[in-house]
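A.B. asks: Quick one: the structure is below, and I'll ask about it shortly.
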Number of protein chains: 2
Amino acid sequence: MTTNDDTLTIQQVAETIGLSVHTLRYYERIGLIHPINRAANTHRRYTQDDVGWLDFLNKLRATGMSIRQMQAYAQLQRQGDATLPERIEMLKVHRRDVEAHMDVLREFLKLIHYKIDYYEGLLAEAESEAVLEGS
Amino acid sequence: MTTNDDTLTIQQVAETIGLSVHTLRYYERIGLIHPINRAANTHRRYTQDDVGWLDFLNKLRATGMSIRQMQAYAQLQRQGDATLPERIEMLKVHRRDVEAHMDVLREFLKLIHYKIDYYEGLLAEAESEAVLEGS
DNA sequence: ACTTGACTTAGAGTGTACTCTAAGTTGTAG
DNA sequence: CTACAACTTAGAGTACACTCTAAGTCAAGT
């Protein structure tokens, strides 16, 4: 397999960005990415730009954006610079969502901290009683 | 509907903790919570303890714990104090997961910050050009 | 010539977590 | 007496995001 230029096979892309080859084809099918250019043998050849875009999609997913939202964003992206304001707005909305989610996580971490402390307190108590019984 | 004591109907619980009545029954069915005590008319009556536990379950879900994990935790809980060490361990593992997730979110927020700045820069540029053309 | 392995497609299947439906019971209000 | 709302059950249905299968093409290595 001589991939002489700077393009990558689907397998290579899957490895570099951590999505399965199935998922990469799926994302193309549902319009999250434009139809990938093909080599003479019909195999997909991903450019660095393609990889960058997929990497960004992956980050949107990892931060909780739905496929539907990403489809909307991808469509705007394909429509060019005229949609920049809308895309900025989407990103800002998503940022607010992520920040809200982080607040929830922070609250939870505080709770869990107290809970673990409390449980470890109970545990230490039980142990010291066991020691007393053993004496 | 006279709920004179300090117990709550399924509807009231749903409202106070933000889970649907369907989900509350579902959680009971799959063992996330013990079988709820019934009033004379077979209707469920939730105690404050039940509500507290459901609230905690809800927080575990909201922070990404799977139903399967919660089932395991609930089972340990029902087995009493002997399982305290295991439960502490589960909570610590989950805390690590949540912290790791927060790291991902923080990284994303940084990226999105730069991206929005960049896009708004493009936008400002385009606008100033439009002004020049207009003169 | 033949095997191997990476790729291709359309479409079916899976896992998770709900979410809803249908049919029935019960208690209160008009 | 009747209507209505809230509840009950078992089990079916849904949404989401993949994930896999089957059948086939193609290029390289032995």
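By order of appearance in the structure tokens: chains A, B, ..., then residues from 1 within every chain, and ligands from 1 in the order shown.
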Write out as a count of residues only all residues of chain B that DSSP puts in helix (DSSP H, G or I) for this structure's backbone.
C.D. replies: 98
A.B. asks: When you look at DA5 of chain D with a cut-off of 12 Å (counting only C-alpha atoms (C1' of nucleotides)), what residues show up, excluding the ones that are within fewer than 6 positions of it in the same chain? I need them as a list of chain:residue names.
C.D. replies: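 With the cut-off at 12 Å, the set is B:Met1, C:DT26, C:DG27, C:DT28, C:DA29.
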A.B. asks: Fewer than 3 positions away in the same chain doesn't count, so skip those; otherwise give me all residues within 9 Å of segment 24-28 of chain D, counting only C-alpha atoms (C1' of nucleotides), as a PDB file with C-alpha atoms (C1' of nucleotides), in the first residue's frame.
C.D. replies:
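out.pdb was written with the following content:
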ATOM      1  CA  MET A   1       0.000   0.000   0.000  1.00  0.00           C
ATOM      2  CA  ASN A  41      -9.267   1.987  -6.980  1.00  0.00           C
TER       3      ASN A  41
ATOM      4  C1'  DC C   7     -11.129  -1.693   0.826  1.00  0.00           C
ATOM      5  C1'  DT C   8     -16.259  -1.036  -1.221  1.00  0.00           C
ATOM      6  C1'  DT C   9     -21.691  -1.062  -0.775  1.00  0.00           C
TER       7       DT C   9
END
A.B. asks: Quick one: residues within 7 Å of segment 13-18 of chain A, only C-alpha atoms (C1' of nucleotides), excluding same-chain residues fewer than 3 positions away - as a ChimeraX atom specification?
C.D. replies: /A:8-10,21,51,55
A.B. asks: Would you output that residue set with all heavy atoms, as an mmCIF file, in the first residue's frame?
C.D. replies:
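And here's out_2.cif as it stands now:
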data_model
loop_
_atom_site.group_PDB
_atom_site.id
_atom_site.type_symbol
_atom_site.label_atom_id
_atom_site.label_comp_id
_atom_site.auth_asym_id
_atom_site.auth_seq_id
_atom_site.Cartn_x
_atom_site.Cartn_y
_atom_site.Cartn_z
ATOM 1 N N LEU A 8 -4.477 10.067 3.553
ATOM 2 C CA LEU A 8 -4.512 8.886 4.414
ATOM 3 C C LEU A 8 -5.656 7.953 4.020
ATOM 4 O O LEU A 8 -6.693 8.400 3.530
ATOM 5 C CB LEU A 8 -4.709 9.308 5.867
ATOM 6 C CG LEU A 8 -3.626 10.184 6.522
ATOM 7 C CD1 LEU A 8 -4.070 10.631 7.903
ATOM 8 C CD2 LEU A 8 -2.303 9.434 6.595
ATOM 9 N N THR A 9 -5.448 6.678 4.266
ATOM 10 C CA THR A 9 -6.519 5.707 4.046
ATOM 11 C C THR A 9 -7.494 5.782 5.220
ATOM 12 O O THR A 9 -7.179 6.361 6.267
ATOM 13 C CB THR A 9 -5.970 4.273 3.969
ATOM 14 O OG1 THR A 9 -5.452 3.928 5.254
ATOM 15 C CG2 THR A 9 -4.882 4.143 2.928
ATOM 16 N N ILE A 10 -8.632 5.148 5.029
ATOM 17 C CA ILE A 10 -9.652 5.190 6.083
ATOM 18 C C ILE A 10 -9.130 4.560 7.375
ATOM 19 O O ILE A 10 -9.422 5.032 8.483
ATOM 20 C CB ILE A 10 -10.967 4.527 5.602
ATOM 21 C CG1 ILE A 10 -12.128 4.926 6.515
ATOM 22 C CG2 ILE A 10 -10.825 3.020 5.470
ATOM 23 C CD1 ILE A 10 -13.496 4.595 5.967
ATOM 24 N N VAL A 21 -13.524 2.649 11.440
ATOM 25 C CA VAL A 21 -13.737 2.847 10.000
ATOM 26 C C VAL A 21 -15.239 2.845 9.698
ATOM 27 O O VAL A 21 -15.711 3.578 8.822
ATOM 28 C CB VAL A 21 -13.015 1.765 9.143
ATOM 29 C CG1 VAL A 21 -11.508 1.896 9.285
ATOM 30 C CG2 VAL A 21 -13.468 0.368 9.501
ATOM 31 N N VAL A 51 -9.126 15.279 7.935
ATOM 32 C CA VAL A 51 -8.778 14.757 9.254
ATOM 33 C C VAL A 51 -9.030 15.817 10.330
ATOM 34 O O VAL A 51 -9.583 15.527 11.396
ATOM 35 C CB VAL A 51 -7.308 14.281 9.292
ATOM 36 C CG1 VAL A 51 -6.904 13.874 10.702
ATOM 37 C CG2 VAL A 51 -7.113 13.122 8.324
ATOM 38 N N ASP A 55 -11.614 15.457 13.355
ATOM 39 C CA ASP A 55 -11.110 15.626 14.707
ATOM 40 C C ASP A 55 -11.986 16.620 15.475
ATOM 41 O O ASP A 55 -12.321 16.390 16.646
ATOM 42 C CB ASP A 55 -9.669 16.129 14.645
ATOM 43 C CG ASP A 55 -8.958 15.944 15.969
ATOM 44 O OD1 ASP A 55 -9.048 14.836 16.530
ATOM 45 O OD2 ASP A 55 -8.331 16.908 16.444
#
A.B. asks: Near segment 83-93 of chain A, counting only C-alpha atoms (C1' of nucleotides), which residues have an atom at most 12 Å away, once you skip same-chain residues fewer than 4 positions from it, shown as a PyMOL selection string?
C.D. replies: (chain A and resi 56+60+63+65+69-79+97-100) or (chain B and resi 108-109+111-124+126-127)
A.B. asks: Store the residues picked out above, limited to N, CA, C and O atoms, as a compact mmCIF listing (two decimals), in the first residue's frame.
C.D. replies:
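Final file, result_39.txt:
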# COMPACT_ATOMS: atom_id res chain seq x y z
N PHE A 56 -12.38 17.68 14.80
CA PHE A 56 -13.24 18.66 15.44
C PHE A 56 -14.62 18.07 15.74
O PHE A 56 -15.16 18.24 16.85
N LEU A 60 -16.63 17.74 19.28
CA LEU A 60 -18.02 18.16 19.52
C LEU A 60 -18.80 17.02 20.15
O LEU A 60 -19.54 17.21 21.13
N THR A 63 -17.95 16.29 23.75
CA THR A 63 -18.45 17.29 24.68
C THR A 63 -19.98 17.33 24.67
O THR A 63 -20.57 18.28 25.19
N MET A 65 -22.32 17.20 22.02
CA MET A 65 -23.20 17.68 20.96
C MET A 65 -23.82 16.49 20.26
O MET A 65 -23.17 15.47 20.04
N GLN A 69 -27.24 18.08 15.74
CA GLN A 69 -26.64 19.41 15.82
C GLN A 69 -25.40 19.48 14.94
O GLN A 69 -25.19 20.47 14.24
N MET A 70 -24.62 18.45 14.98
CA MET A 70 -23.40 18.43 14.17
C MET A 70 -23.74 18.45 12.69
O MET A 70 -23.05 19.08 11.89
N GLN A 71 -24.85 17.78 12.33
CA GLN A 71 -25.29 17.81 10.93
C GLN A 71 -25.64 19.24 10.52
O GLN A 71 -25.27 19.69 9.44
N ALA A 72 -26.33 19.93 11.40
CA ALA A 72 -26.70 21.32 11.11
C ALA A 72 -25.44 22.16 10.95
O ALA A 72 -25.32 22.95 10.00
N TYR A 73 -24.49 21.97 11.84
CA TYR A 73 -23.25 22.73 11.79
C TYR A 73 -22.48 22.43 10.50
O TYR A 73 -21.98 23.35 9.83
N ALA A 74 -22.42 21.15 10.15
CA ALA A 74 -21.68 20.73 8.95
C ALA A 74 -22.30 21.34 7.70
O ALA A 74 -21.60 21.76 6.78
N GLN A 75 -23.62 21.41 7.69
CA GLN A 75 -24.31 21.98 6.53
C GLN A 75 -23.98 23.47 6.39
O GLN A 75 -23.71 23.95 5.28
N LEU A 76 -23.99 24.17 7.51
CA LEU A 76 -23.64 25.59 7.49
C LEU A 76 -22.21 25.77 6.98
O LEU A 76 -21.93 26.63 6.15
N GLN A 77 -21.35 24.94 7.49
CA GLN A 77 -19.93 24.98 7.11
C GLN A 77 -19.78 24.86 5.59
O GLN A 77 -19.04 25.61 4.95
N ARG A 78 -20.53 23.94 5.01
CA ARG A 78 -20.44 23.72 3.57
C ARG A 78 -21.00 24.90 2.77
O ARG A 78 -20.65 25.08 1.61
N GLN A 79 -21.88 25.67 3.41
CA GLN A 79 -22.47 26.81 2.70
C GLN A 79 -21.54 28.01 2.67
O GLN A 79 -21.89 29.04 2.06
N ASP A 97 -23.63 25.28 27.01
CA ASP A 97 -24.07 23.95 27.45
C ASP A 97 -22.94 23.21 28.17
O ASP A 97 -23.16 22.59 29.21
N VAL A 98 -21.76 23.28 27.57
CA VAL A 98 -20.62 22.58 28.17
C VAL A 98 -20.28 23.17 29.53
O VAL A 98 -20.02 22.44 30.49
N GLU A 99 -20.33 24.50 29.61
CA GLU A 99 -20.04 25.14 30.89
C GLU A 99 -21.08 24.76 31.95
O GLU A 99 -20.73 24.49 33.11
N ALA A 100 -22.34 24.67 31.52
CA ALA A 100 -23.39 24.26 32.46
C ALA A 100 -23.15 22.83 32.93
O ALA A 100 -23.32 22.50 34.10
N PHE B 108 -11.65 21.37 25.48
CA PHE B 108 -12.56 21.78 24.43
C PHE B 108 -12.90 23.27 24.54
O PHE B 108 -12.91 23.99 23.55
N LEU B 109 -13.14 23.71 25.77
CA LEU B 109 -13.49 25.12 25.97
C LEU B 109 -12.36 26.03 25.51
O LEU B 109 -12.60 27.10 24.94
N LEU B 111 -10.19 25.31 23.11
CA LEU B 111 -10.22 25.27 21.64
C LEU B 111 -11.34 26.15 21.09
O LEU B 111 -11.13 26.94 20.17
N ILE B 112 -12.50 26.01 21.68
CA ILE B 112 -13.67 26.75 21.19
C ILE B 112 -13.46 28.25 21.37
O ILE B 112 -13.92 29.06 20.57
N HIS B 113 -12.75 28.58 22.42
CA HIS B 113 -12.44 29.99 22.66
C HIS B 113 -11.62 30.57 21.50
O HIS B 113 -11.96 31.61 20.94
N TYR B 114 -10.58 29.85 21.13
CA TYR B 114 -9.74 30.31 20.02
C TYR B 114 -10.53 30.34 18.72
O TYR B 114 -10.41 31.26 17.92
N LYS B 115 -11.34 29.31 18.54
CA LYS B 115 -12.10 29.19 17.29
C LYS B 115 -13.08 30.35 17.15
O LYS B 115 -13.19 30.95 16.07
N ILE B 116 -13.78 30.66 18.22
CA ILE B 116 -14.74 31.76 18.17
C ILE B 116 -14.01 33.09 17.93
O ILE B 116 -14.43 33.89 17.10
N ASP B 117 -12.89 33.27 18.62
CA ASP B 117 -12.09 34.47 18.40
C ASP B 117 -11.70 34.60 16.94
O ASP B 117 -11.83 35.67 16.32
N TYR B 118 -11.23 33.50 16.38
CA TYR B 118 -10.78 33.50 14.99
C TYR B 118 -11.93 33.83 14.05
O TYR B 118 -11.80 34.69 13.16
N TYR B 119 -13.06 33.19 14.26
CA TYR B 119 -14.22 33.42 13.40
C TYR B 119 -14.72 34.85 13.53
O TYR B 119 -15.11 35.48 12.55
N GLU B 120 -14.71 35.36 14.75
CA GLU B 120 -15.18 36.74 14.93
C GLU B 120 -14.19 37.72 14.30
O GLU B 120 -14.59 38.78 13.81
N GLY B 121 -12.92 37.35 14.28
CA GLY B 121 -11.92 38.15 13.58
C GLY B 121 -12.24 38.21 12.09
O GLY B 121 -12.26 39.28 11.48
N LEU B 122 -12.53 37.06 11.51
CA LEU B 122 -12.89 36.99 10.09
C LEU B 122 -14.10 37.87 9.81
O LEU B 122 -14.17 38.59 8.82
N LEU B 123 -15.05 37.77 10.70
CA LEU B 123 -16.30 38.49 10.55
C LEU B 123 -16.07 40.00 10.57
O LEU B 123 -16.58 40.74 9.72
N ALA B 124 -15.26 40.44 11.53
CA ALA B 124 -14.96 41.86 11.66
C ALA B 124 -14.26 42.37 10.41
O ALA B 124 -14.55 43.46 9.89
N ALA B 126 -14.47 41.10 7.34
CA ALA B 126 -15.44 41.14 6.26
C ALA B 126 -16.31 42.40 6.36
O ALA B 126 -16.61 43.05 5.36
N GLU B 127 -16.66 42.74 7.59
CA GLU B 127 -17.50 43.92 7.79
C GLU B 127 -16.77 45.22 7.44
O GLU B 127 -17.33 46.11 6.81
A.B. asks: When you look at DT19 of chain C with a cut-off of 10 Å (counting only C-alpha atoms (C1' of nucleotides)), what residues show up, excluding the ones that are within fewer than 2 positions of it in the same chain? I need them as a PyMOL selection string.
C.D. replies: (chain B and resi 20+22-23+26) or (chain C and resi 17+21) or (chain D and resi 13-15)
A.B. asks: Name the residues in contact with segment 9-12 of chain D at a cut-off of 12 Å, using only C-alpha atoms (C1' of nucleotides), excluding same-chain residues fewer than 2 positions from it; report them as number ranges by chain.
C.D. replies: B: 25, 29, 42-43; C: 19-25; D: 7, 14
A.B. asks: What is the atom C1' of DT16 of chain C-atom CA of Ala62 of chain A distance in Å, reported with one decimal?
C.D. replies: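 These two atoms are separated by 17.2 Å.
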A.B. asks: Check chain B with DSSP on the backbone and list each residue it calls strand (DSSP E or B), as a ChimeraX atom specification.
C.D. replies: /B:8,38,44,46
A.B. asks: Using only C-alpha atoms (C1' of nucleotides), pick whichever of B:Pro35, B:Asp6, B:Tyr27, B:His101 has the shortest atom-to-atom distance to chain C.
C.D. replies: B:Tyr27
